[in-house]
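To be precise, the following lines are run-v7.txt, and they hold compact mmCIF, C-alpha atoms.
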```txt
# COMPACT_ATOMS: atom_id res chain seq x y z
CA MET B 1 19.19 14.68 55.84
CA PHE B 2 16.20 12.37 55.69
CA ALA B 3 17.48 11.08 59.03
CA ASP B 4 15.77 14.14 60.42
CA LEU B 5 12.58 12.13 60.16
CA ASP B 6 11.36 13.81 63.33
CA ARG B 7 10.71 16.98 61.39
CA ILE B 8 9.34 15.22 58.33
CA LYS B 9 6.86 12.75 59.79
CA PRO B 10 3.61 14.44 60.85
CA ARG B 11 2.70 13.83 64.50
CA GLU B 12 -0.81 12.78 63.46
CA HIS B 13 0.65 9.64 61.86
CA ASN B 14 0.65 7.74 65.10
CA MET B 15 0.14 4.12 66.10
CA LEU B 16 0.74 4.83 69.79
CA ALA B 17 -2.03 5.38 72.32
CA VAL B 18 -0.49 8.71 73.32
CA PRO B 19 0.78 11.71 71.30
CA ILE B 20 4.24 11.34 69.76
CA GLU B 21 7.07 13.24 71.37
CA LYS B 22 9.72 12.32 68.86
CA THR B 23 10.36 10.17 65.80
CA VAL B 24 13.81 8.62 65.69
CA LEU B 25 15.77 6.98 62.89
CA GLU B 26 18.84 5.55 64.59
CA GLN B 27 21.91 6.52 62.63
CA HIS B 28 23.50 3.12 62.10
CA ALA B 29 22.68 -0.13 60.30
CA GLY B 30 20.89 -2.45 62.68
CA GLY B 31 19.27 0.49 64.47
CA ASP B 32 15.57 1.08 64.85
CA VAL B 33 13.08 3.48 63.40
CA TYR B 34 10.54 4.35 66.07
CA ASP B 35 8.08 6.84 67.48
CA ARG B 36 8.37 7.69 71.15
CA GLY B 37 5.21 8.78 72.94
CA ILE B 38 5.05 11.52 75.56
CA ASP B 39 4.78 8.81 78.25
CA GLY B 40 7.98 7.13 77.02
CA SER B 41 6.19 4.30 75.20
CA ILE B 42 7.75 3.23 71.93
CA CYS B 43 6.36 2.11 68.59
CA ARG B 44 9.13 0.51 66.52
CA TRP B 45 8.00 0.47 62.92
CA GLY B 46 11.22 -0.03 60.97
CA ARG B 47 14.78 -1.34 61.16
CA VAL B 48 17.73 0.49 59.65
CA LEU B 49 19.33 -1.60 56.91
CA ALA B 50 21.90 0.92 55.74
CA PHE B 51 23.02 4.28 57.00
CA ASP B 52 25.62 5.57 54.57
CA PRO B 53 25.40 9.35 54.46
CA PRO B 54 25.62 11.28 52.32
CA ALA B 55 24.71 8.67 49.71
CA ARG B 56 22.03 6.36 51.07
CA ILE B 57 19.68 5.40 53.88
CA ALA B 58 17.60 2.21 53.86
CA PHE B 59 15.17 0.81 56.39
CA THR B 60 12.47 -1.82 56.62
CA TRP B 61 8.80 -1.00 56.67
CA ASP B 62 7.24 -3.13 59.40
CA ILE B 63 3.67 -1.95 58.93
CA GLY B 64 1.21 -4.26 57.22
CA PRO B 65 -1.78 -3.67 54.92
CA ASP B 66 -4.00 -3.32 58.04
CA TRP B 67 -1.74 -0.42 59.18
CA GLN B 68 -0.69 -2.43 62.21
CA LEU B 69 2.82 -3.57 63.08
CA ILE B 70 3.65 -6.88 61.47
CA THR B 71 4.80 -9.78 63.61
CA ASP B 72 6.58 -11.74 60.86
CA LEU B 73 9.55 -9.49 60.06
CA ASP B 74 10.34 -11.54 56.94
CA ARG B 75 7.27 -9.96 55.42
CA ALA B 76 8.52 -6.41 55.73
CA SER B 77 9.02 -4.20 52.71
CA GLU B 78 11.98 -1.85 52.25
CA VAL B 79 12.40 1.88 51.88
CA GLU B 80 15.54 3.31 50.36
CA VAL B 81 16.46 6.98 50.07
CA THR B 82 19.39 7.90 47.86
CA PHE B 83 21.14 11.21 47.43
CA VAL B 84 23.04 12.00 44.26
CA ALA B 85 24.80 15.33 43.78
CA GLU B 86 23.73 17.06 40.57
CA ASP B 87 26.17 19.91 41.15
CA GLU B 88 27.61 21.79 44.09
CA GLN B 89 24.27 23.16 45.26
CA ARG B 90 21.78 20.55 44.15
CA THR B 91 21.10 17.01 45.20
CA ARG B 92 18.70 14.55 43.59
CA VAL B 93 16.78 12.77 46.33
CA THR B 94 15.04 9.53 45.38
CA LEU B 95 12.80 7.56 47.70
CA THR B 96 11.91 4.03 46.67
CA HIS B 97 9.59 1.72 48.58
CA ARG B 98 10.07 -1.78 47.23
CA HIS B 99 9.04 -5.39 47.89
CA ILE B 100 5.63 -4.21 49.08
CA ASP B 101 4.20 -7.52 47.85
CA ARG B 102 6.12 -9.25 50.64
CA HIS B 103 3.38 -8.09 52.98
CA GLY B 104 1.12 -10.67 51.35
CA GLU B 105 -2.62 -10.34 51.02
CA GLY B 106 -3.77 -6.74 50.74
CA TRP B 107 -0.38 -5.39 49.62
CA GLU B 108 -1.95 -3.53 46.70
CA ALA B 109 -4.08 -1.58 49.17
CA LEU B 110 -0.99 -0.84 51.27
CA GLN B 111 0.82 0.42 48.18
CA ALA B 112 -2.17 2.58 47.26
CA GLY B 113 -2.19 3.99 50.80
CA LEU B 114 1.52 4.74 50.70
CA ASP B 115 1.12 6.39 47.32
CA ALA B 116 -1.87 8.50 48.47
CA PRO B 117 -1.44 12.25 49.00
CA ASP B 118 -1.01 11.79 52.77
CA GLY B 119 1.51 8.96 52.28
CA TRP B 120 5.00 9.23 50.84
CA PRO B 121 4.11 12.23 48.64
CA LEU B 122 3.39 14.17 51.88
CA TYR B 123 6.66 13.05 53.48
CA VAL B 124 8.70 13.78 50.38
CA GLY B 125 7.00 17.17 50.08
CA ARG B 126 7.78 18.00 53.70
CA TYR B 127 11.37 16.94 53.19
CA GLU B 128 11.64 19.13 50.14
CA ALA B 129 10.24 22.05 52.18
CA LEU B 130 12.78 21.28 54.90
CA THR B 131 15.68 21.53 52.45
CA ARG B 132 14.31 24.89 51.35
CA GLY B 133 14.28 25.99 54.98
CA GLU B 134 10.50 26.39 54.87
CA LEU B 135 9.51 23.77 57.41
CA ASP B 136 9.95 24.91 60.97
CA ALA B 137 10.41 22.57 63.88
CA SER B 138 7.02 21.82 65.38
CA MET N 1 7.51 -0.62 43.96
CA ILE N 2 6.88 3.08 44.23
CA THR N 3 9.45 5.77 43.63
CA TYR N 4 9.56 9.52 44.23
CA ALA N 5 12.31 11.90 43.32
CA PHE N 6 13.02 15.58 43.62
CA VAL N 7 16.03 17.80 43.35
CA ALA N 8 16.89 19.58 46.56
CA ALA N 9 18.61 22.88 46.07
CA TYR N 10 20.31 23.20 49.42
CA GLN N 11 20.53 26.80 50.35
CA SER N 12 23.82 27.87 51.73
CA ASP N 13 23.66 27.95 55.48
CA ALA N 14 23.78 31.46 56.91
CA TRP N 15 26.00 30.26 59.75
CA THR N 16 28.62 29.24 57.21
CA LEU N 17 28.16 32.37 55.13
CA LEU N 18 28.57 34.65 58.13
CA GLY N 19 31.80 32.93 59.13
CA ASP N 20 33.43 35.33 56.68
CA PRO N 21 34.33 38.64 58.40
CA SER N 22 33.59 40.74 55.28
CA ARG N 23 30.11 39.26 54.92
CA ARG N 24 29.49 39.77 58.60
CA ALA N 25 30.54 43.40 58.24
CA ILE N 26 28.15 43.82 55.28
CA VAL N 27 25.24 42.37 57.25
CA GLU N 28 26.17 44.52 60.24
CA ARG N 29 26.11 47.63 58.06
CA LEU N 30 22.85 46.66 56.31
CA ALA N 31 21.21 46.09 59.68
CA VAL N 32 21.56 49.83 60.25
CA GLY N 33 19.86 50.64 56.95
CA PRO N 34 19.78 49.89 53.19
CA CYS N 35 22.97 50.66 51.22
CA SER N 36 24.32 50.62 47.69
CA VAL N 37 27.45 48.67 46.77
CA ALA N 38 29.44 51.92 46.59
CA GLU N 39 28.37 52.97 50.08
CA LEU N 40 29.28 49.58 51.47
CA ALA N 41 32.66 49.53 49.71
CA ASP N 42 33.51 53.00 51.03
CA HIS N 43 33.45 51.70 54.58
CA MET N 44 35.27 48.46 53.94
CA PRO N 45 38.87 47.52 53.27
CA ILE N 46 37.85 45.41 50.24
CA SER N 47 37.21 46.40 46.64
CA ARG N 48 33.81 47.13 45.17
CA PRO N 49 33.79 43.96 43.01
CA ALA N 50 34.61 41.95 46.14
CA VAL N 51 31.67 43.56 47.95
CA SER N 52 29.45 42.75 44.95
CA GLN N 53 30.57 39.15 45.05
CA HIS N 54 29.76 38.83 48.76
CA LEU N 55 26.37 40.48 48.19
CA LYS N 56 25.60 38.01 45.44
CA VAL N 57 26.25 35.09 47.80
CA LEU N 58 24.21 36.68 50.59
CA ARG N 59 21.37 37.39 48.18
CA GLU N 60 21.33 33.82 46.88
CA ALA N 61 21.11 32.60 50.47
CA GLY N 62 18.17 34.94 50.94
CA LEU N 63 19.82 36.98 53.69
CA VAL N 64 19.72 40.22 51.75
CA HIS N 65 17.36 41.71 49.17
CA ASP N 66 18.22 44.09 46.40
CA GLN N 67 16.05 46.71 44.82
CA ALA N 68 16.66 49.05 41.91
CA GLN N 69 16.66 52.69 42.99
CA GLY N 70 17.34 55.00 40.07
CA ARG N 71 20.63 53.88 38.53
CA HIS N 72 21.75 52.03 41.61
CA ARG N 73 20.83 48.83 43.35
CA VAL N 74 20.12 49.18 47.03
CA TYR N 75 20.64 46.25 49.34
CA SER N 76 18.79 45.53 52.56
CA ILE N 77 18.45 42.76 55.15
CA ASP N 78 15.72 40.15 54.80
CA ALA N 79 14.35 40.37 58.33
CA ALA N 80 12.16 37.27 58.00
CA ARG N 81 15.14 35.16 56.98
CA LEU N 82 17.25 36.53 59.80
CA GLU N 83 14.41 35.81 62.22
CA ARG N 84 14.62 32.12 61.29
CA TYR N 85 18.25 32.03 62.40
CA ARG N 86 17.45 33.95 65.54
CA ARG N 87 14.84 31.32 66.40
CA GLN N 88 17.47 28.61 65.91
CA LEU N 89 19.76 30.45 68.31
CA ASP N 90 16.86 30.74 70.76
CA GLN N 91 16.47 26.97 70.64
CA PHE N 92 20.16 26.50 71.45
CA TRP N 93 19.81 29.04 74.21
CA SER N 94 16.78 27.48 75.91
CA ALA N 95 18.28 23.97 75.62
CA ALA N 96 21.55 25.21 77.13
CA LEU N 97 19.66 26.97 79.89
CA ASP N 98 17.72 23.78 80.74
CA ASN N 99 20.96 21.81 80.90
CA LEU N 100 22.51 24.47 83.09
CA LYS N 101 19.59 24.11 85.54
CA VAL N 102 20.03 20.32 85.63
CA ALA N 103 23.78 20.65 86.15
CA SER N 104 23.45 23.23 88.91
CA THR N 105 20.78 21.44 90.98
CA PRO N 106 23.04 18.90 92.78
CA ALA N 107 25.57 21.61 93.53
CA THR N 108 22.91 23.64 95.30
CA GLU N 109 21.93 20.67 97.48
CA GLU N 110 25.55 20.14 98.34
CA HIS N 111 25.82 23.74 99.37
CA GLU N 112 22.76 23.50 101.61
CA ARG N 113 24.14 20.40 103.29
CA GLU N 114 27.34 22.24 104.07
CA ILE N 115 25.41 25.04 105.65
CA GLY N 116 23.17 22.67 107.63
```

Just give me the structure as structure tokens.
Amino acid sequence: MFADLDRIKPREHNMLAVPIEKTVLEQHAGGDVYDRGIDGSICRWGRVLAFDPPARIAFTWDIGPDWQLITDLDRASEVEVTFVAEDEQRTRVTLTHRHIDRHGEGWEALQAGLDAPDGWPLYVGRYEALTRGELDAS
Amino acid sequence: MITYAFVAAYQSDAWTLLGDPSRRAIVERLAVGPCSVAELADHMPISRPAVSQHLKVLREAGLVHDQAQGRHRVYSIDAARLERYRRQLDQFWSAALDNLKVASTPATEEHEREIG
């Protein structure tokens, strides 16, 4: 599941002052998405909007165009991951990041950053590797 | 809006696959050395087609390899794949061991107090 964000998100993607110990996506709507540093400090960068396995997970993206946490949560964008069975063995996974323009000025740059090779394509690639059993726990 | 999609072909989990006693017996036998279907079937209470069917599932999950040898196919264990599951077990083991240490600490103190 994409809820295993801890194994998908690279540790280098870090807004904390200390190395990340764990990335958590709380498994219920209203939960948080956060990184926990090795000293126990927390960087909350998303809020879970929907947690409906095995069909769908959605959370807010509370990081602005300056790659800092936003203070006005009404200006967050949304990430949705859906899972649709193609047959018994195969599942189509779709990740959509929408309403990026809500972040206001600079949103195009944010979108470009998210769409860059080290953005969502990296995460989606790591997730794909995980489903193939090729990504080992770090 | 940006969208990415891919199709995940979830590989059958070896833990589930090995829940079947026949498959476990096949893996146990192949751990000793490579075998043909006939050799495997000779030592098992199930038919040759049933053995073939189990081997197919194990092969698709990547647990066993097959290789043509003359007119036969010879099956063997994929050690690298098995190693991955062993590592998973190791993780369970070390986590359980840590928890055991935590759980046993207060008991030890208690014991010392009794002695003192």

| Separation of CA of Ala112 (chain B) from CA of Pro19 (chain B), in Å and rounded to one decimal | 25.9 Å

What residues in chain B lie within 12 Å of chain N, counting all atoms listed in the file, written as a compact mmCIF listing (two decimals) with C-alpha atoms, keeping the file's coordinate frame?
```
# COMPACT_ATOMS: atom_id res chain seq x y z
CA MET B 1 19.19 14.68 55.84
CA PHE B 2 16.20 12.37 55.69
CA SER B 77 9.02 -4.20 52.71
CA GLU B 78 11.98 -1.85 52.25
CA VAL B 79 12.40 1.88 51.88
CA GLU B 80 15.54 3.31 50.36
CA VAL B 81 16.46 6.98 50.07
CA THR B 82 19.39 7.90 47.86
CA PHE B 83 21.14 11.21 47.43
CA VAL B 84 23.04 12.00 44.26
CA ALA B 85 24.80 15.33 43.78
CA GLU B 86 23.73 17.06 40.57
CA ASP B 87 26.17 19.91 41.15
CA GLU B 88 27.61 21.79 44.09
CA GLN B 89 24.27 23.16 45.26
CA ARG B 90 21.78 20.55 44.15
CA THR B 91 21.10 17.01 45.20
CA ARG B 92 18.70 14.55 43.59
CA VAL B 93 16.78 12.77 46.33
CA THR B 94 15.04 9.53 45.38
CA LEU B 95 12.80 7.56 47.70
CA THR B 96 11.91 4.03 46.67
CA HIS B 97 9.59 1.72 48.58
CA ARG B 98 10.07 -1.78 47.23
CA HIS B 99 9.04 -5.39 47.89
CA ILE B 100 5.63 -4.21 49.08
CA ASP B 101 4.20 -7.52 47.85
CA ARG B 102 6.12 -9.25 50.64
CA TRP B 107 -0.38 -5.39 49.62
CA GLU B 108 -1.95 -3.53 46.70
CA LEU B 110 -0.99 -0.84 51.27
CA GLN B 111 0.82 0.42 48.18
CA ALA B 112 -2.17 2.58 47.26
CA GLY B 113 -2.19 3.99 50.80
CA LEU B 114 1.52 4.74 50.70
CA ASP B 115 1.12 6.39 47.32
CA ALA B 116 -1.87 8.50 48.47
CA GLY B 119 1.51 8.96 52.28
CA TRP B 120 5.00 9.23 50.84
CA PRO B 121 4.11 12.23 48.64
CA LEU B 122 3.39 14.17 51.88
CA TYR B 123 6.66 13.05 53.48
CA VAL B 124 8.70 13.78 50.38
CA GLY B 125 7.00 17.17 50.08
CA ARG B 126 7.78 18.00 53.70
CA TYR B 127 11.37 16.94 53.19
CA GLU B 128 11.64 19.13 50.14
CA ALA B 129 10.24 22.05 52.18
CA LEU B 130 12.78 21.28 54.90
CA THR B 131 15.68 21.53 52.45
CA ARG B 132 14.31 24.89 51.35
CA GLY B 133 14.28 25.99 54.98
CA GLU B 134 10.50 26.39 54.87
CA LEU B 135 9.51 23.77 57.41
CA ASP B 136 9.95 24.91 60.97
CA ALA B 137 10.41 22.57 63.88
CA SER B 138 7.02 21.82 65.38
```

With only C-alpha atoms as the counted atoms, please give the residues lying no more than 8 Å from Ile20 (chain B), apart from itself and same-chain residues fewer than 4 positions off, as a CSV table (one decimal) with C-alpha atoms, in the frame of the given file.
```
chain,number,residue,atom,x,y,z
B,11,ARG,CA,2.7,13.8,64.5
B,14,ASN,CA,0.6,7.7,65.1
B,16,LEU,CA,0.7,4.8,69.8
B,35,ASP,CA,8.1,6.8,67.5
B,36,ARG,CA,8.4,7.7,71.2
B,37,GLY,CA,5.2,8.8,72.9
B,38,ILE,CA,5.0,11.5,75.6
```

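For the pair CA of Gly40 (chain B) and CA of Met15 (chain B), the interatomic distance is 13.8 Å.
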
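The list of residues with at least one atom within 9 Å of Asp52 (chain B), based on only C-alpha atoms and without residues fewer than 4 positions apart in the same chain, reads Gln27, His28, Ala29, Arg56, Ile57 and Ala58 of chain B.
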
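Reported to one decimal place, the separation of CA of Leu82 (chain N) from CA of Leu55 (chain N) is 15.3 Å.
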
| message | Using all atoms listed in the file, can you tell me which of N:Glu83, N:Asp98, N:Asp66, N:Asp90 comes closest to Pro34 (chain N)? | response | N:Asp66
